Each structure stands twice: as C-alpha cells, then as structure tokens.
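Engineer: Pasting a structure below so you can have a look.
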Amino acid sequence: MSSTPGPSHGRPPLHAVQVLGTGSAGSGAHVRSLADGLVARGLRVTVCGAASAQRYGFAEAGTAFVPLMDSNALSVAAIRSVSAGADVVHAHGLRSGMLAALALRGRPTPLVVTWHARVRAAGARSHLVRLMERQAARAASVLLGASPDLVDRARTRGARDARLAPVALPAPPYAPEEDEHVRFKARAELGAVARPMLVTVGRLEPGQGHGPLLDAARIWRELDPEPLLVMAGEGSERPRIQRRIEDERLPVMLVGRRDDVPELLAAADVAIVPSRWEARSLLAQEALHAGVPLVATSVGGIPDLVGDAAELVPYGDAAALAAAVARLLDDPYRCAQLTAEGRRQAATWPTEDDTVAHVLSVYDELAGAPTRR
C-alpha cells in the first residue's frame, strides 16, 4: 500500500477515531486495512472496540487501541473521552454508530458511519433497530453504505448525506490452493481425503441460511461419494444446528471459529454463501480470490459483487442450492470456468488504496483540510 508524507505546513496530523462493533469478521478486517492505510498517510488513528477485536492486530498498524465494555453507558463514556480533540470519528456498524452519536452529543466533531450489513430483527426488536438506524443516520455527517440498498435504507432513515463506499478487504497474502501439501493436510484433518469438501464460513445466527443449507445437506447424502459440508463459525444457533446434524445424520461438521479460512478454502471443492442477505460477502470475496467455485444466494449486493463468477440460487430454495453444488461437483470444466472468471471479477473490485483514498477524502472534506493524495 502506498503512503504519502504526513502533516505539512506545521499542521498536526489529523486524528481519526475508529469505533468498531462486535459484528462480522469483514468489518474488523476492513477497519484494520483502513487503519493501516490512514497511518501510512500520516494520520493518527485510535481504534475503540470490544477486547476481542485486538485479534486484528491494530497495534501492529501503529494505532492506539481502547477496549470497550459490554455496557452501553461505559462504552459511550470511553468513546467520548477518546474522541476529545479528534478531527473525525468513524463508526462501523449500527450499534457503534448509535454509541458514537451519543458520545458526540453536544460536540462539533464530525461523525462518519459505515453500514457494512443490515441488521435483521422481528417483533419488538425490529422497532428498536429502526430507532437505532434513525439515530445513527441522522447524527452522521456522512453515512457510507457498502451496497446500494444500504445507502437507500440510510436515506429513508433520515441520513443527510448517504453515499456508496468502496469497501475493499486485504487480498490473500498467498495462493494456498497452489500448495498441495496445505490442501491435503486440511482435508485429512477434516476427514475429506476421498470425498468432496464443501465450505461455508459465517456467524451461526438467525438469517444466515442454515436451515436451507442443512436441507440441502440432506439431499447431498444421495451423492456418491457423499460430500462433507464444513461449517466454520460460532453463534447462538450452534446447539440447534448440532442437534439437527446428529438427529438427521447429516454429512456436516461444525468446526467453530477458525483463523485458517484461506487454508480451508484452498482445500474446498466448492464454497457456499447461503445467507438471507449480504452486502459484500467476505466469504464470496475470499472464494473468488482463492479460485474456489462459489454457490451463493442471489440477495443484497452479492449479484453485483460476483457478476458471472458464481452460481446464484434463490434464498431458501434448498433444492436449487443442492442441485447447483451437485452440478459443480460433476462438472470440472464449469468449475475451471468459474475459477478463471472469479479471478477476473476480483480484479475489478476496489483496492485497499481505493478504499483508503475515498475515506480520507471524506475526512478531509469534513475536517476542512486539503486532501492528502
């Protein structure tokens, strides 16, 4: 990533406070990438987030890290303290945006909010989510959405200035699928040496499409050899999913939270995104970068993200999902087509430099400073 000199003409470096929620791994990786780029361009960056967010290695990026407590009141107080004298505060996610809005109340500090995903809720909680969205959208000087529908949603919630934002994630540091030893080792550890291996990665929470995915796994039992579906991630749905796997004897393995997703993908025959909604799916991006054939639901920002580089199926249609995967397992030529198209599509995505430059232009616009190029 390129860098430019820091402050000039005697001005102190612009201080940007990043507020990171407890949401997806994609937003954490994005904030780490953003922090790297901002520091390289001479900014002072402070990241506030749950203690678990330290796994992204913010200290290595030259940023200060301030852990936030589970308590909303304590988090607001911490953000307010850290943001004293900051030039801009940038919150990522719905809850973070709400907390930052409360922390900056009565101050002129500009607030940027990025919505990476849509929060789904039902019943009384859906009303609470709407209130939170409205509060964050109206408090933000600029609200950035990772997909067009998020931008539209922000406008309906009263955002003064809602914009589509390029959100890039770090490209894999290497191509593990070219290392047969890595591939064989991963498959051997999971018991998939002599059978196809399917991989999905994500939070085990409602709305992630696990029901239809397990329905599809029941259909895959009829294939010979029977594929193994590896599900990486943790969440409140894990006990229910595990019970169903055991009760129905599904060819599915829950492997929990993993730090070796590139290796898992390198070992996979097919990657699957079964979600009810996604903006810029982290797994879809990782799969296309890695050259792994992808089957995904045609929802949210996925069709624009992947173009012709994936097999798309309707959300909730287990038969269509099962059939798409089965076709790929039986068609190496189509898999090779998707691999090639996936790498071409990935080359069209915004780079980390594009993302940092866009965010920095927003900061400079709000802080009244000349844009750093």
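Residues are named by chain letter and number: chains run A, B, ... in the order of the structure tokens, numbers start at 1 in each chain, and ligands are numbered from 1 in the order shown.
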Can you tell me which residues surround Gly307 of chain A at a distance of at most 10 Å, considering only C-alpha atoms, apart from same-chain residues fewer than 5 positions away, and format the answer as a list in words?
Structural biologist: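 After dropping sequence-adjacent residues, the list is Ile302, Leu312, Glu341, Gly342, Gln345 and Ala346 of chain A.
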Engineer: Write to file, as a tab-separated table (two decimals), in the first residue's frame, the residues of the selection just made, with N, CA and C atoms.
Structural biologist:
```tsv
chain	number	residue	atom	x	y	z
A	302	ILE	N	-24.75	-9.34	-3.45
A	302	ILE	CA	-23.97	-10.46	-4.00
A	302	ILE	C	-23.95	-10.49	-5.52
A	312	LEU	N	-25.63	-18.63	-8.79
A	312	LEU	CA	-26.53	-17.95	-7.88
A	312	LEU	C	-27.86	-18.69	-7.80
A	341	GLU	N	-13.13	-16.97	-14.12
A	341	GLU	CA	-14.00	-15.79	-14.09
A	341	GLU	C	-13.93	-15.11	-12.73
A	342	GLY	N	-13.79	-15.92	-11.68
A	342	GLY	CA	-13.70	-15.36	-10.33
A	342	GLY	C	-12.49	-14.47	-10.16
A	345	GLN	N	-13.12	-11.27	-12.02
A	345	GLN	CA	-14.05	-10.41	-11.30
A	345	GLN	C	-13.37	-9.75	-10.11
A	346	ALA	N	-12.57	-10.50	-9.38
A	346	ALA	CA	-11.88	-9.95	-8.21
A	346	ALA	C	-10.96	-8.80	-8.60
```
Engineer: Ranking A:Leu305, A:Ala323, A:Ala216, A:Met132 by minimum distance to Pro274 of chain A and counting only C-alpha atoms, which one comes first?
Structural biologist: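 Looking at the shortest contact to Pro274 of chain A, the residue is A:Ala216.
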Engineer: Just want the 6 Å neighbourhood of Arg257 of chain A, counted on only C-alpha atoms, with same-chain residues fewer than 4 positions away dropped. Output as a PyMOL selection string.
Structural biologist: chain A and resi 232-234
Engineer: From the set A:Leu131, A:Ile245, A:Ala64, A:Ala309, which residue has the shortest atom-to-atom contact distance to Ala347 of chain A, counting only C-alpha atoms?
Structural biologist: A:Ala309
